[in-house]
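**Q** Have a peek at data09.cif (mmCIF, C-alpha atoms).
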```cif
data_start
#
loop_
_atom_site.label_atom_id
_atom_site.label_comp_id
_atom_site.auth_asym_id
_atom_site.auth_seq_id
_atom_site.Cartn_x
_atom_site.Cartn_y
_atom_site.Cartn_z
CA MET A 1 159.04 61.77 52.00
CA GLY A 2 159.60 61.07 55.66
CA LEU A 3 157.29 60.99 58.61
CA LEU A 4 158.30 64.40 59.93
CA SER A 5 158.10 66.22 56.60
CA ASN A 6 154.67 64.62 55.95
CA ALA A 7 153.57 65.69 59.42
CA ALA A 8 154.91 69.22 58.87
CA ALA A 9 152.97 69.54 55.60
CA LEU A 10 149.82 68.27 57.30
CA LEU A 11 150.29 70.63 60.25
CA GLY A 12 150.66 73.52 57.82
CA LYS A 13 147.35 72.54 56.25
CA GLU A 14 145.62 72.23 59.65
CA VAL A 15 146.82 75.66 60.74
CA ARG A 16 145.94 77.27 57.41
CA THR A 17 142.40 75.84 57.32
CA GLU A 18 141.81 76.75 60.98
CA PHE A 19 143.01 80.32 60.64
CA ARG A 20 140.88 80.64 57.52
CA SER A 21 137.68 79.28 59.09
CA ARG A 22 138.47 80.10 62.78
CA GLU A 23 135.90 77.48 63.77
CA LEU A 24 137.77 75.66 66.51
CA LEU A 25 139.69 78.50 68.10
CA SER A 26 136.81 80.94 68.34
CA THR A 27 134.42 78.31 69.73
CA THR A 28 136.90 77.09 72.30
CA ILE A 29 138.00 80.53 73.46
CA VAL A 30 134.42 81.73 73.86
CA PHE A 31 133.50 78.52 75.70
CA VAL A 32 136.38 78.79 78.21
CA LEU A 33 135.69 82.49 78.69
CA ILE A 34 132.02 81.81 79.49
CA VAL A 35 132.90 79.02 81.93
CA VAL A 36 135.56 81.11 83.76
CA VAL A 37 133.22 84.10 84.03
CA LEU A 38 130.28 81.95 85.19
CA PHE A 39 132.43 80.21 87.80
CA SER A 40 133.59 83.56 89.15
CA PHE A 41 129.96 84.80 89.40
CA THR A 42 128.67 81.56 90.94
CA PHE A 43 130.75 82.12 94.04
CA ASP A 44 132.73 85.14 95.06
CA PRO A 45 136.13 83.66 95.70
CA THR A 46 138.49 84.97 98.31
CA THR A 47 142.17 84.74 97.44
CA ASN A 48 142.57 81.57 99.54
CA GLU A 49 139.60 79.87 97.89
CA SER A 50 140.88 80.90 94.48
CA HIS A 51 144.20 79.28 95.22
CA ARG A 52 142.49 76.05 96.31
CA PHE A 53 139.68 75.70 93.77
CA GLY A 54 140.73 77.96 90.90
CA PRO A 55 143.15 75.58 89.16
CA GLY A 56 140.62 72.73 89.26
CA LEU A 57 137.94 74.92 87.71
CA LEU A 58 140.38 76.20 85.12
CA TRP A 59 141.48 72.70 84.07
CA LEU A 60 137.86 71.49 83.98
CA ALA A 61 137.09 74.36 81.61
CA PHE A 62 140.10 73.40 79.45
CA LEU A 63 139.02 69.75 79.45
CA PHE A 64 135.46 70.52 78.34
CA ALA A 65 136.75 72.96 75.76
CA ALA A 66 139.14 70.30 74.48
CA SER A 67 136.28 67.85 74.02
CA LEU A 68 134.61 70.48 71.82
CA MET A 69 137.81 71.15 69.92
CA LEU A 70 138.78 67.53 69.36
CA GLN A 71 135.43 66.39 67.98
CA PRO A 72 135.77 67.95 64.51
CA CYS A 73 139.41 67.05 63.91
CA PHE A 74 138.50 63.80 62.15
CA LEU A 75 134.87 64.63 61.37
CA ARG A 76 136.07 67.44 59.10
CA GLU A 77 138.06 64.91 57.10
CA GLN A 78 134.89 62.91 56.46
CA ALA A 79 132.97 65.64 54.66
CA ASN A 80 134.82 65.19 51.35
CA ASP A 81 136.52 61.90 52.29
CA THR A 82 139.83 63.74 52.54
CA LEU A 83 141.01 61.22 55.11
CA SER A 84 141.15 58.63 52.31
CA ALA A 85 143.19 61.04 50.20
CA LEU A 86 145.59 61.54 53.11
CA ARG A 87 145.90 57.80 53.68
CA LEU A 88 146.75 57.34 50.02
CA ALA A 89 149.31 60.14 50.07
CA VAL A 90 151.31 59.76 53.28
CA SER A 91 154.10 57.26 53.61
CA ASP A 92 153.28 56.60 57.28
CA PRO A 93 149.74 57.04 58.68
CA PHE A 94 151.25 58.15 62.00
CA ALA A 95 152.07 61.43 60.23
CA ILE A 96 148.32 62.16 60.16
CA PHE A 97 148.08 61.67 63.93
CA LEU A 98 151.27 63.60 64.60
CA ALA A 99 149.96 66.62 62.67
CA LYS A 100 146.52 66.48 64.33
CA ILE A 101 148.12 66.19 67.78
CA ALA A 102 150.46 69.10 67.08
CA ALA A 103 147.59 71.24 65.78
CA ASN A 104 145.27 70.39 68.68
CA THR A 105 148.04 71.05 71.21
CA LEU A 106 148.83 74.37 69.54
CA PHE A 107 145.18 75.50 69.48
CA LEU A 108 144.54 74.38 73.06
CA PHE A 109 147.76 75.98 74.30
CA MET A 110 146.83 79.24 72.56
CA THR A 111 143.40 79.14 74.23
CA GLU A 112 145.03 78.55 77.61
CA LEU A 113 147.47 81.43 77.14
CA LEU A 114 144.64 83.79 76.19
CA MET A 115 142.53 82.68 79.15
CA LEU A 116 145.31 82.92 81.74
CA PRO A 117 145.08 86.71 82.27
CA VAL A 118 141.27 86.52 82.25
CA PHE A 119 141.38 83.84 84.93
CA ALA A 120 143.95 85.81 86.96
CA ALA A 121 141.73 88.89 86.85
CA PHE A 122 138.42 87.17 87.72
CA PHE A 123 139.89 84.95 90.45
CA ASN A 124 142.25 87.52 91.85
CA VAL A 125 145.37 85.38 91.56
CA SER A 126 148.84 86.19 90.33
CA PHE A 127 151.18 83.95 88.38
CA ARG A 128 154.02 86.44 88.51
CA GLY A 129 157.34 84.65 88.81
CA GLN A 130 155.72 81.30 88.06
CA LEU A 131 155.14 81.77 84.36
CA PRO A 132 157.74 79.24 83.12
CA GLY A 133 156.26 76.56 85.40
CA ILE A 134 152.71 77.44 84.37
CA LEU A 135 153.64 77.33 80.68
CA LEU A 136 155.34 73.93 81.09
CA THR A 137 152.28 72.55 82.92
CA PHE A 138 149.90 73.96 80.32
CA PHE A 139 152.01 72.53 77.50
CA LEU A 140 152.33 69.02 78.97
CA GLY A 141 148.66 68.99 79.99
CA SER A 142 147.53 70.17 76.55
CA LEU A 143 149.76 67.60 74.87
CA GLY A 144 148.29 64.80 77.00
CA ILE A 145 144.74 65.93 76.25
CA SER A 146 145.54 66.17 72.53
CA VAL A 147 147.29 62.80 72.26
CA ALA A 148 144.54 60.82 74.00
CA GLY A 149 141.81 63.00 72.52
CA THR A 150 143.03 62.70 68.93
CA ALA A 151 143.11 58.91 69.21
CA LEU A 152 139.58 58.85 70.61
CA ALA A 153 138.39 61.35 68.00
CA ALA A 154 139.61 58.96 65.29
CA ILE A 155 137.69 56.09 66.91
CA SER A 156 134.51 58.02 67.56
CA ALA A 157 134.43 59.61 64.09
CA GLN A 158 133.58 56.21 62.60
CA ALA A 159 130.96 55.35 65.21
CA ARG A 160 127.29 56.04 65.48
CA MET A 161 126.36 58.55 68.23
CA ARG A 162 129.80 60.07 67.62
CA GLU A 163 128.95 63.43 69.19
CA LEU A 164 128.17 61.70 72.49
CA LEU A 165 130.81 59.02 72.31
CA LEU A 166 133.88 61.26 72.37
CA PRO A 167 133.16 63.08 75.65
CA LEU A 168 132.01 59.79 77.23
CA LEU A 169 135.34 58.15 76.39
CA LEU A 170 137.51 61.21 76.75
CA LEU A 171 136.60 62.57 80.17
CA PRO A 172 137.31 59.39 82.20
CA LEU A 173 140.51 58.71 80.25
CA LEU A 174 141.78 62.21 80.91
CA ALA A 175 141.00 62.17 84.65
CA PRO A 176 144.69 61.47 85.49
CA ILE A 177 145.78 64.46 83.37
CA LEU A 178 143.18 66.63 85.07
CA VAL A 179 144.33 65.59 88.55
CA ALA A 180 148.06 65.95 87.85
CA SER A 181 147.73 69.27 86.00
CA THR A 182 145.50 70.68 88.74
CA GLU A 183 147.88 69.63 91.49
CA VAL A 184 150.88 71.18 89.75
CA THR A 185 148.93 74.39 89.08
CA VAL A 186 147.77 74.54 92.74
CA SER A 187 151.36 74.24 93.91
CA LEU A 188 152.39 77.04 91.54
CA MET A 189 149.58 79.27 92.85
CA ALA A 190 150.25 78.58 96.53
CA PRO A 191 151.27 81.52 98.75
CA GLU A 192 154.75 80.03 98.72
CA PRO A 193 154.82 78.61 95.21
CA PHE A 194 156.90 75.60 94.26
CA MET A 195 157.23 73.32 91.25
CA GLN A 196 155.78 69.86 91.83
CA TRP A 197 158.16 67.85 89.66
CA LYS A 198 156.37 64.58 90.44
CA GLY A 199 153.27 65.91 88.70
CA ILE A 200 155.31 67.20 85.78
CA GLY A 201 156.96 63.79 85.49
CA PHE A 202 153.57 62.08 85.52
CA LEU A 203 152.29 64.35 82.72
CA ALA A 204 155.41 63.68 80.64
CA VAL A 205 155.12 59.90 81.12
CA PHE A 206 151.40 59.99 80.23
CA ASP A 207 152.21 61.89 77.03
CA VAL A 208 155.02 59.52 76.04
CA VAL A 209 153.01 56.34 76.76
CA PHE A 210 149.96 57.45 74.77
CA LEU A 211 152.09 58.79 71.93
CA THR A 212 153.92 55.46 71.71
CA ALA A 213 150.64 53.51 71.77
CA LEU A 214 149.32 55.70 68.98
CA TRP A 215 152.49 55.22 66.96
CA LEU A 216 152.15 51.44 67.30
CA PHE A 217 148.41 51.06 66.76
CA GLY A 218 147.24 54.32 65.16
CA GLU A 219 147.13 52.82 61.66
CA TYR A 220 144.27 50.54 62.71
CA LEU A 221 142.23 53.50 63.95
CA LEU A 222 142.18 55.01 60.46
CA GLU A 223 141.00 51.87 58.67
CA GLU A 224 137.47 51.63 57.37
CA MET B 1 153.87 59.27 32.25
CA ALA B 2 157.11 57.43 31.69
CA ALA B 3 157.06 56.63 35.39
CA ALA B 4 153.83 54.72 34.97
CA ALA B 5 155.18 52.72 32.08
CA GLU B 6 158.27 51.72 34.00
CA SER B 7 156.27 50.49 36.95
CA SER B 8 153.14 48.92 35.48
CA ILE B 9 151.42 46.82 38.04
CA GLY B 10 148.82 44.09 38.02
CA LEU B 11 146.26 43.16 40.65
CA ARG B 12 144.95 39.83 41.79
CA PHE B 13 141.85 39.46 43.94
CA GLU B 14 141.72 35.97 45.41
CA LYS B 15 138.39 34.75 46.83
CA VAL B 16 137.64 38.22 48.20
CA ASP B 17 134.58 38.82 50.35
CA LYS B 18 133.63 42.18 51.73
CA ARG B 19 130.76 42.30 54.16
CA TYR B 20 129.11 45.31 55.77
CA GLY B 21 127.15 43.78 58.62
CA ALA B 22 125.08 41.05 57.05
CA VAL B 23 125.29 42.52 53.55
CA TYR B 24 127.89 41.24 51.11
CA ALA B 25 129.35 44.01 48.92
CA LEU B 26 131.72 41.52 47.29
CA ARG B 27 131.28 37.78 47.37
CA ASN B 28 134.03 35.26 46.62
CA LEU B 29 135.53 37.53 43.96
CA THR B 30 138.51 36.12 42.10
CA LEU B 31 139.88 38.45 39.47
CA ALA B 32 143.24 39.10 37.84
CA ILE B 33 144.04 42.39 36.14
CA ALA B 34 147.19 42.41 34.06
CA PRO B 35 149.69 45.29 34.18
CA GLY B 36 148.67 47.99 31.75
CA GLU B 37 145.05 46.87 31.36
CA CYS B 38 142.31 49.48 31.22
CA VAL B 39 139.28 47.89 32.81
CA ALA B 40 135.77 49.34 32.78
CA LEU B 41 133.49 48.17 35.58
CA ALA B 42 129.77 48.11 35.01
CA GLY B 43 126.97 47.14 37.32
CA ARG B 44 123.83 48.35 38.98
CA ASN B 45 123.93 50.53 42.08
CA GLY B 46 125.13 48.41 45.00
CA SER B 47 126.72 45.77 42.78
CA GLY B 48 130.12 46.22 44.46
CA LYS B 49 132.01 48.50 42.03
CA THR B 50 132.99 51.12 44.60
CA THR B 51 133.95 48.49 47.17
CA LEU B 52 136.15 46.77 44.60
CA LEU B 53 137.90 50.07 43.83
CA ARG B 54 138.38 50.89 47.53
CA ILE B 55 139.89 47.47 48.18
CA ALA B 56 142.16 47.89 45.14
CA SER B 57 143.34 51.22 46.59
CA CYS B 58 144.10 49.51 49.95
CA LEU B 59 141.74 51.92 51.70
CA THR B 60 139.43 49.06 52.68
CA ARG B 61 140.48 45.62 53.84
CA PRO B 62 138.61 42.57 52.52
CA THR B 63 136.63 40.63 55.11
CA ARG B 64 138.07 37.45 53.62
CA GLY B 65 140.49 36.68 50.80
CA THR B 66 143.53 38.55 49.57
CA LEU B 67 144.57 41.28 47.18
CA SER B 68 148.08 41.11 45.79
CA PHE B 69 150.00 43.30 43.38
CA SER B 70 152.41 42.16 40.73
CA GLY B 71 155.01 44.09 38.77
CA VAL B 72 157.68 46.41 40.01
CA ILE B 73 156.09 46.97 43.41
CA GLU B 74 155.54 43.31 44.27
CA ASN B 75 152.84 43.19 46.97
CA GLN B 76 153.38 46.73 48.23
CA ASN B 77 150.75 49.40 48.48
CA PRO B 78 150.90 51.05 45.02
CA ARG B 79 149.63 54.42 46.38
CA ALA B 80 147.09 54.53 43.62
CA GLY B 81 145.59 57.66 42.14
CA PHE B 82 141.96 57.47 43.22
CA VAL B 83 138.98 59.52 42.10
CA ALA B 84 136.01 58.61 44.27
CA HIS B 85 132.44 59.88 44.59
CA ALA B 86 133.64 62.47 47.13
CA SER B 87 136.09 65.03 45.84
CA MET B 88 138.80 64.19 48.43
CA VAL B 89 139.94 67.82 48.48
CA TYR B 90 139.60 70.54 51.10
CA ASP B 91 136.84 73.13 50.71
CA GLU B 92 138.80 75.66 52.80
CA LEU B 93 141.82 75.59 50.48
CA THR B 94 142.11 76.93 46.96
CA ALA B 95 142.52 74.56 44.03
CA GLN B 96 146.22 75.40 43.87
CA GLU B 97 146.74 75.02 47.63
CA ASN B 98 145.02 71.63 47.57
CA LEU B 99 147.21 70.33 44.77
CA LEU B 100 150.41 71.77 46.24
CA PHE B 101 149.57 70.19 49.59
CA PHE B 102 149.01 66.73 48.12
CA ALA B 103 152.02 67.13 45.81
CA LYS B 104 154.15 67.80 48.88
CA LEU B 105 152.84 64.69 50.66
CA LEU B 106 153.47 62.63 47.53
CA ALA B 107 156.97 64.11 47.12
CA VAL B 108 156.24 65.24 43.56
CA ALA B 109 159.28 66.80 41.89
CA ASN B 110 158.92 70.38 40.57
CA ARG B 111 155.69 70.75 42.49
CA GLN B 112 154.67 74.23 41.42
CA GLN B 113 155.31 73.47 37.76
CA ARG B 114 153.39 70.18 37.91
CA VAL B 115 150.45 71.79 39.71
CA ASP B 116 150.29 74.75 37.31
CA SER B 117 150.38 72.43 34.33
CA LEU B 118 147.64 70.13 35.69
CA LEU B 119 145.42 73.06 36.63
CA ARG B 120 145.74 74.43 33.11
CA GLU B 121 145.01 70.99 31.63
CA VAL B 122 141.82 70.52 33.66
CA GLY B 123 140.73 74.02 32.74
CA LEU B 124 141.11 75.61 36.16
CA GLY B 125 144.10 77.83 35.44
CA GLU B 126 141.98 80.95 35.82
CA ARG B 127 140.34 79.78 39.03
CA LYS B 128 143.40 78.31 40.74
CA ASP B 129 143.25 80.85 43.56
CA SER B 130 139.55 80.33 44.31
CA LEU B 131 138.48 78.32 47.33
CA VAL B 132 137.18 74.88 46.38
CA ARG B 133 133.99 75.56 48.36
CA THR B 134 133.05 78.09 45.68
CA PHE B 135 133.35 75.49 42.91
CA SER B 136 130.57 73.68 41.08
CA ARG B 137 130.33 69.87 41.12
CA GLY B 138 132.13 69.61 37.81
CA MET B 139 134.94 71.93 38.88
CA ARG B 140 135.44 69.92 42.06
CA GLN B 141 135.64 66.79 39.93
CA ARG B 142 138.35 68.44 37.83
CA VAL B 143 140.38 69.20 40.98
CA ALA B 144 139.82 65.62 42.14
CA ILE B 145 141.12 64.27 38.83
CA ALA B 146 144.13 66.59 38.94
CA ARG B 147 144.88 65.39 42.50
CA ALA B 148 144.75 61.76 41.42
CA LEU B 149 147.12 62.39 38.51
CA LEU B 150 149.65 64.46 40.50
CA ALA B 151 152.28 61.79 41.08
CA ASP B 152 151.82 59.86 37.80
CA PRO B 153 150.70 56.78 39.74
CA PRO B 154 151.13 53.37 38.09
CA LEU B 155 147.58 52.44 39.13
CA LEU B 156 144.55 54.67 38.58
CA LEU B 157 141.18 53.95 40.15
CA PHE B 158 138.28 56.04 38.93
CA ASP B 159 134.77 55.80 40.35
CA GLU B 160 132.55 57.33 37.68
CA PRO B 161 135.18 59.92 36.70
CA ALA B 162 133.03 61.76 34.18
CA THR B 163 130.35 62.63 36.75
CA GLY B 164 129.65 66.36 36.61
CA LEU B 165 132.11 67.00 33.79
CA ASP B 166 131.02 68.95 30.73
CA SER B 167 131.75 67.61 27.26
CA GLU B 168 135.01 69.57 26.95
CA ALA B 169 136.38 68.22 30.23
CA THR B 170 135.20 64.69 29.39
CA MET B 171 137.03 64.93 26.09
CA TRP B 172 140.21 66.07 27.85
CA LEU B 173 139.88 63.25 30.41
CA THR B 174 139.37 60.66 27.68
CA GLY B 175 142.43 61.90 25.80
CA HIS B 176 144.58 62.03 28.92
CA LEU B 177 143.54 58.56 30.07
CA ALA B 178 144.28 57.21 26.60
CA LYS B 179 147.83 58.55 26.87
CA LEU B 180 148.21 57.03 30.34
CA ARG B 181 146.84 53.69 29.12
CA ASP B 182 149.25 53.70 26.20
CA SER B 183 152.14 54.45 28.53
CA GLY B 184 151.37 51.29 30.53
CA CYS B 185 149.37 52.67 33.44
CA THR B 186 146.87 50.19 34.87
CA ILE B 187 143.41 51.72 35.02
CA LEU B 188 140.25 50.51 36.72
CA MET B 189 137.16 52.64 36.35
CA SER B 190 133.53 52.22 37.15
CA LEU B 191 131.44 53.79 34.41
CA HIS B 192 128.00 54.26 33.06
CA GLY B 193 127.45 52.90 29.59
CA GLU B 194 126.81 56.24 28.00
CA SER B 195 130.21 57.65 29.00
CA ASP B 196 132.71 58.40 26.25
CA VAL B 197 135.41 57.12 28.55
CA VAL B 198 134.16 53.54 27.95
CA ARG B 199 135.87 53.60 24.56
CA LEU B 200 139.25 53.60 26.30
CA ALA B 201 138.70 50.28 27.98
CA THR B 202 140.58 47.20 26.88
CA ARG B 203 138.36 45.02 29.04
CA ALA B 204 134.89 45.31 30.52
CA LEU B 205 133.55 43.60 33.62
CA ARG B 206 130.00 43.51 34.89
CA LEU B 207 129.40 43.03 38.58
CA ASP B 208 126.18 41.83 40.09
CA ALA B 209 125.63 41.28 43.82
CA GLY B 210 129.38 41.42 44.43
CA SER B 211 130.42 38.87 41.81
CA VAL B 212 131.74 39.17 38.26
CA VAL B 213 128.97 38.03 35.93
CA ALA B 214 130.46 39.15 32.61
CA ASP B 215 134.06 39.66 31.52
CA THR B 216 135.02 40.57 27.96
CA ARG B 217 138.04 41.90 26.14
CA SER B 218 136.16 42.31 22.89
CA GLY B 219 135.24 45.95 22.27
CA ALA B 220 132.26 44.84 20.20
CA THR B 221 130.60 43.30 23.24
CA PHE B 222 131.31 46.14 25.70
CA GLN B 223 128.00 47.80 25.02
CA SER B 224 126.10 44.67 25.98
CA VAL B 225 127.99 44.54 29.29
CA PHE B 226 126.92 48.08 30.04
CA SER B 227 123.38 47.86 28.76
CA PHE B 228 122.79 44.81 30.95
CA ALA B 229 124.02 46.81 33.87
CA GLY B 230 121.11 49.13 33.61
CA GLY B 231 123.16 52.20 32.84
#
```
The structure in this file should be written as structure tokens.

**A**
Amino acid sequence: MGLLSNAAALLGKEVRTEFRSRELLSTTIVFVLIVVVLFSFTFDPTTNESHRFGPGLLWLAFLFAASLMLQPCFLREQANDTLSALRLAVSDPFAIFLAKIAANTLFLFMTELLMLPVFAAFFNVSFRGQLPGILLTFFLGSLGISVAGTALAAISAQARMRELLLPLLLLPLLAPILVASTEVTVSLMAPEPFMQWKGIGFLAVFDVVFLTALWLFGEYLLEE
Amino acid sequence: MAAAAESSIGLRFEKVDKRYGAVYALRNLTLAIAPGECVALAGRNGSGKTTLLRIASCLTRPTRGTLSFSGVIENQNPRAGFVAHASMVYDELTAQENLLFFAKLLAVANRQQRVDSLLREVGLGERKDSLVRTFSRGMRQRVAIARALLADPPLLLFDEPATGLDSEATMWLTGHLAKLRDSGCTILMSLHGESDVVRLATRALRLDAGSVVADTRSGATFQSVFSFAGG
């Protein structure tokens, strides 16, 4: 059985278990909702301020939510040692990463889509006409967060102080994603919106580089 | 089971050490297991049985030394069927979903048929649609055994397989393992002396502090190997 069919089977399992338990999605959505609402109450943003600061706040909320979401992706496999069963069953260990990345990207992207109208309402901004650009930015940003985050989740799951270790490693590593995604989102929310292709290119390159590194070295991250 | 017979494999541990920090789980272990042997491992808690099984499954790398495989899959990962202390199945999936999922990963032919038949054999046919989290320890162990047997692996590694099983399930397991042994499957299992499964073994080893301290192929002396091990 090939890498992609293994990964598809694993992704199916991830989605099924998540929609059955709803642990990750509900936690993340509630977390982002609380952060967006609190930010909007902390200062009363004018439209101009919203355009300047809103995207940064939004991406910070996504980043913190992602650190919550990514933590359990390998910890859950430790409860019954199912990671060992997966390692014995798959033909290529990268399939495990590929499925986790796809699942994390999907869950994060869903959270972002649900939070977009909430953010638009609280911060008095409109994405009308810019939706394709916003969706592309959200997708590439989520993918970058998931790729780097899944790798770090695999490392931290085997460490002591694992709950602290992941955010400590994740947040600095994802600073470039945060900056690029924020800049692209700011440009899309500007009074005269435009697509910042340089930022999009940076996000795509980040995703490809980390995905390649994981493909080359991921096997070692799963070893005991 | 024919698949196992066609691809019997042997294992060779060569001067294997496994260290966790300063503690040696295995120390300078040299051991050859011939294709088709059914080996019972005895030893006190912490003697290295589980570590040996995890190294044999390629889940854990030795700190020093080598493990090689002989037979049809010369020095490749045999993708062993492994029953460990943990159930290695998902609590949020049903017994059937778990087995179908692993059968898909292992590219088992006629998946649904194979899963249905195994679930019936382990006595979970009636509960196949129940979530594993609702199962007792023994029922989880039955699912774990079914998962390990899914792809008819040529190498089976069992870490105290009868734990939690009632007498009926133990009897089924003993009978099934006997068939697998007779078909040429190589079996390594860590056991307690009182287990009925011991009778299947063609060889018994006792580990102490990570080294083999007794090795016998004579059924008459098996009991002494296990009684020395302190259960």

**Q** Of the candidates A:Trp59, A:Ala85, A:Val36, A:Phe210, which shows the shortest atom-to-atom distance to Arg54 (chain B), using all atoms listed in the file?

**A**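 Checking each candidate against Arg54 (chain B), we get A:Ala85 as the closest.
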
**Q** What does the structure give for the distance between CA of Thr216 (chain B) and CA of Leu31 (chain B), in Å to one decimal?

**A**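 Computed distance, CA of Thr216 (chain B) to CA of Leu31 (chain B), equals 12.7 Å.
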
**Q** Between CA of Val89 (chain B) and CA of Gly123 (chain B), what is the spacing in Å?

**A**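 So the answer is 16.9 Å.
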
**Q** Can you work out the spacing between CA of Val122 (chain B) and CA of His85 (chain B) in Å, to one decimal?

**A**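 Computing the Euclidean distance for CA of Val122 (chain B) and CA of His85 (chain B) yields 17.9 Å.
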
**Q** I need the residue nearest Pro78 (chain B) from this list: A:Thr82, A:Ser26, A:Ser5, A:Ser91. Use only C-alpha atoms for the distance.

**A** A:Ser91

**Q** Just the residues within 8 Å of region 92-104 of chain B, please, counting all atoms listed in the file, with nothing from its chain fewer than 3 positions along; format it as a PyMOL selection string.

**A** (chain A and resi 6+9-10+13+17+20-21+86+89) or (chain B and resi 89+107-108+111-112+115-116+119+127-133+143+146-147+150-151)

**Q** For chain A, report every residue with an atom at most 12 Å from chain B (counting all atoms listed in the file), formatted as an NGL selection string.

**A** :A and (1-23 or 76-93 or 95-96 or 219-220 or 222-224)

**Q** Name the residues that the PyMOL selection byres ((chain A and resi 156-163) around 10) pulls out of this structure, and write them as a PyMOL selection string.

**A** chain A and resi 67-68+71-78+150-155+164-169+221-224

**Q** Which residues are near Thr30 (chain B)? Cut-off 10 Å, only C-alpha atoms, ignore same chain within fewer than 6 positions. Put them as a ChimeraX atom specification.

**A** /B:12-17,65-67,211-212

**Q** Could N, CA and C atoms be built for region 15-31 of chain B and written out as a PDB file, in the coordinates of the input?

**A**
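Output contents, as saved in result.pdb:
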```
ATOM      1  N   LYS B  15     139.520  35.154  45.965  1.00  0.00           N
ATOM      2  CA  LYS B  15     138.390  34.750  46.830  1.00  0.00           C
ATOM      3  C   LYS B  15     138.032  35.858  47.832  1.00  0.00           C
ATOM      4  N   VAL B  16     137.880  37.066  47.326  1.00  0.00           N
ATOM      5  CA  VAL B  16     137.640  38.220  48.200  1.00  0.00           C
ATOM      6  C   VAL B  16     136.158  38.363  48.542  1.00  0.00           C
ATOM      7  N   ASP B  17     135.904  38.453  49.830  1.00  0.00           N
ATOM      8  CA  ASP B  17     134.580  38.820  50.350  1.00  0.00           C
ATOM      9  C   ASP B  17     134.709  40.165  51.033  1.00  0.00           C
ATOM     10  N   LYS B  18     133.710  40.994  50.889  1.00  0.00           N
ATOM     11  CA  LYS B  18     133.630  42.180  51.730  1.00  0.00           C
ATOM     12  C   LYS B  18     132.200  42.285  52.232  1.00  0.00           C
ATOM     13  N   ARG B  19     132.085  42.289  53.545  1.00  0.00           N
ATOM     14  CA  ARG B  19     130.760  42.300  54.160  1.00  0.00           C
ATOM     15  C   ARG B  19     130.604  43.571  54.983  1.00  0.00           C
ATOM     16  N   TYR B  20     129.468  44.221  54.868  1.00  0.00           N
ATOM     17  CA  TYR B  20     129.110  45.310  55.770  1.00  0.00           C
ATOM     18  C   TYR B  20     127.939  44.826  56.596  1.00  0.00           C
ATOM     19  N   GLY B  21     128.197  44.420  57.819  1.00  0.00           N
ATOM     20  CA  GLY B  21     127.150  43.780  58.620  1.00  0.00           C
ATOM     21  C   GLY B  21     126.787  42.465  57.966  1.00  0.00           C
ATOM     22  N   ALA B  22     125.512  42.312  57.658  1.00  0.00           N
ATOM     23  CA  ALA B  22     125.080  41.050  57.050  1.00  0.00           C
ATOM     24  C   ALA B  22     125.097  41.133  55.518  1.00  0.00           C
ATOM     25  N   VAL B  23     125.379  42.315  55.001  1.00  0.00           N
ATOM     26  CA  VAL B  23     125.290  42.520  53.550  1.00  0.00           C
ATOM     27  C   VAL B  23     126.653  42.293  52.887  1.00  0.00           C
ATOM     28  N   TYR B  24     126.656  41.467  51.865  1.00  0.00           N
ATOM     29  CA  TYR B  24     127.890  41.240  51.110  1.00  0.00           C
ATOM     30  C   TYR B  24     128.010  42.292  50.001  1.00  0.00           C
ATOM     31  N   ALA B  25     129.091  43.079  50.030  1.00  0.00           N
ATOM     32  CA  ALA B  25     129.350  44.010  48.920  1.00  0.00           C
ATOM     33  C   ALA B  25     130.116  43.280  47.821  1.00  0.00           C
ATOM     34  N   LEU B  26     131.021  42.393  48.236  1.00  0.00           N
ATOM     35  CA  LEU B  26     131.720  41.520  47.290  1.00  0.00           C
ATOM     36  C   LEU B  26     131.628  40.104  47.832  1.00  0.00           C
ATOM     37  N   ARG B  27     131.446  39.157  46.909  1.00  0.00           N
ATOM     38  CA  ARG B  27     131.280  37.780  47.370  1.00  0.00           C
ATOM     39  C   ARG B  27     132.172  36.853  46.544  1.00  0.00           C
ATOM     40  N   ASN B  28     133.150  36.267  47.220  1.00  0.00           N
ATOM     41  CA  ASN B  28     134.030  35.260  46.620  1.00  0.00           C
ATOM     42  C   ASN B  28     134.569  35.723  45.255  1.00  0.00           C
ATOM     43  N   LEU B  29     135.070  36.923  45.218  1.00  0.00           N
ATOM     44  CA  LEU B  29     135.530  37.530  43.960  1.00  0.00           C
ATOM     45  C   LEU B  29     136.971  37.106  43.665  1.00  0.00           C
ATOM     46  N   THR B  30     137.161  36.446  42.552  1.00  0.00           N
ATOM     47  CA  THR B  30     138.510  36.120  42.100  1.00  0.00           C
ATOM     48  C   THR B  30     138.692  36.800  40.740  1.00  0.00           C
ATOM     49  N   LEU B  31     139.725  37.633  40.659  1.00  0.00           N
ATOM     50  CA  LEU B  31     139.880  38.450  39.470  1.00  0.00           C
ATOM     51  C   LEU B  31     141.345  38.846  39.303  1.00  0.00           C
TER      52      LEU B  31
END
```
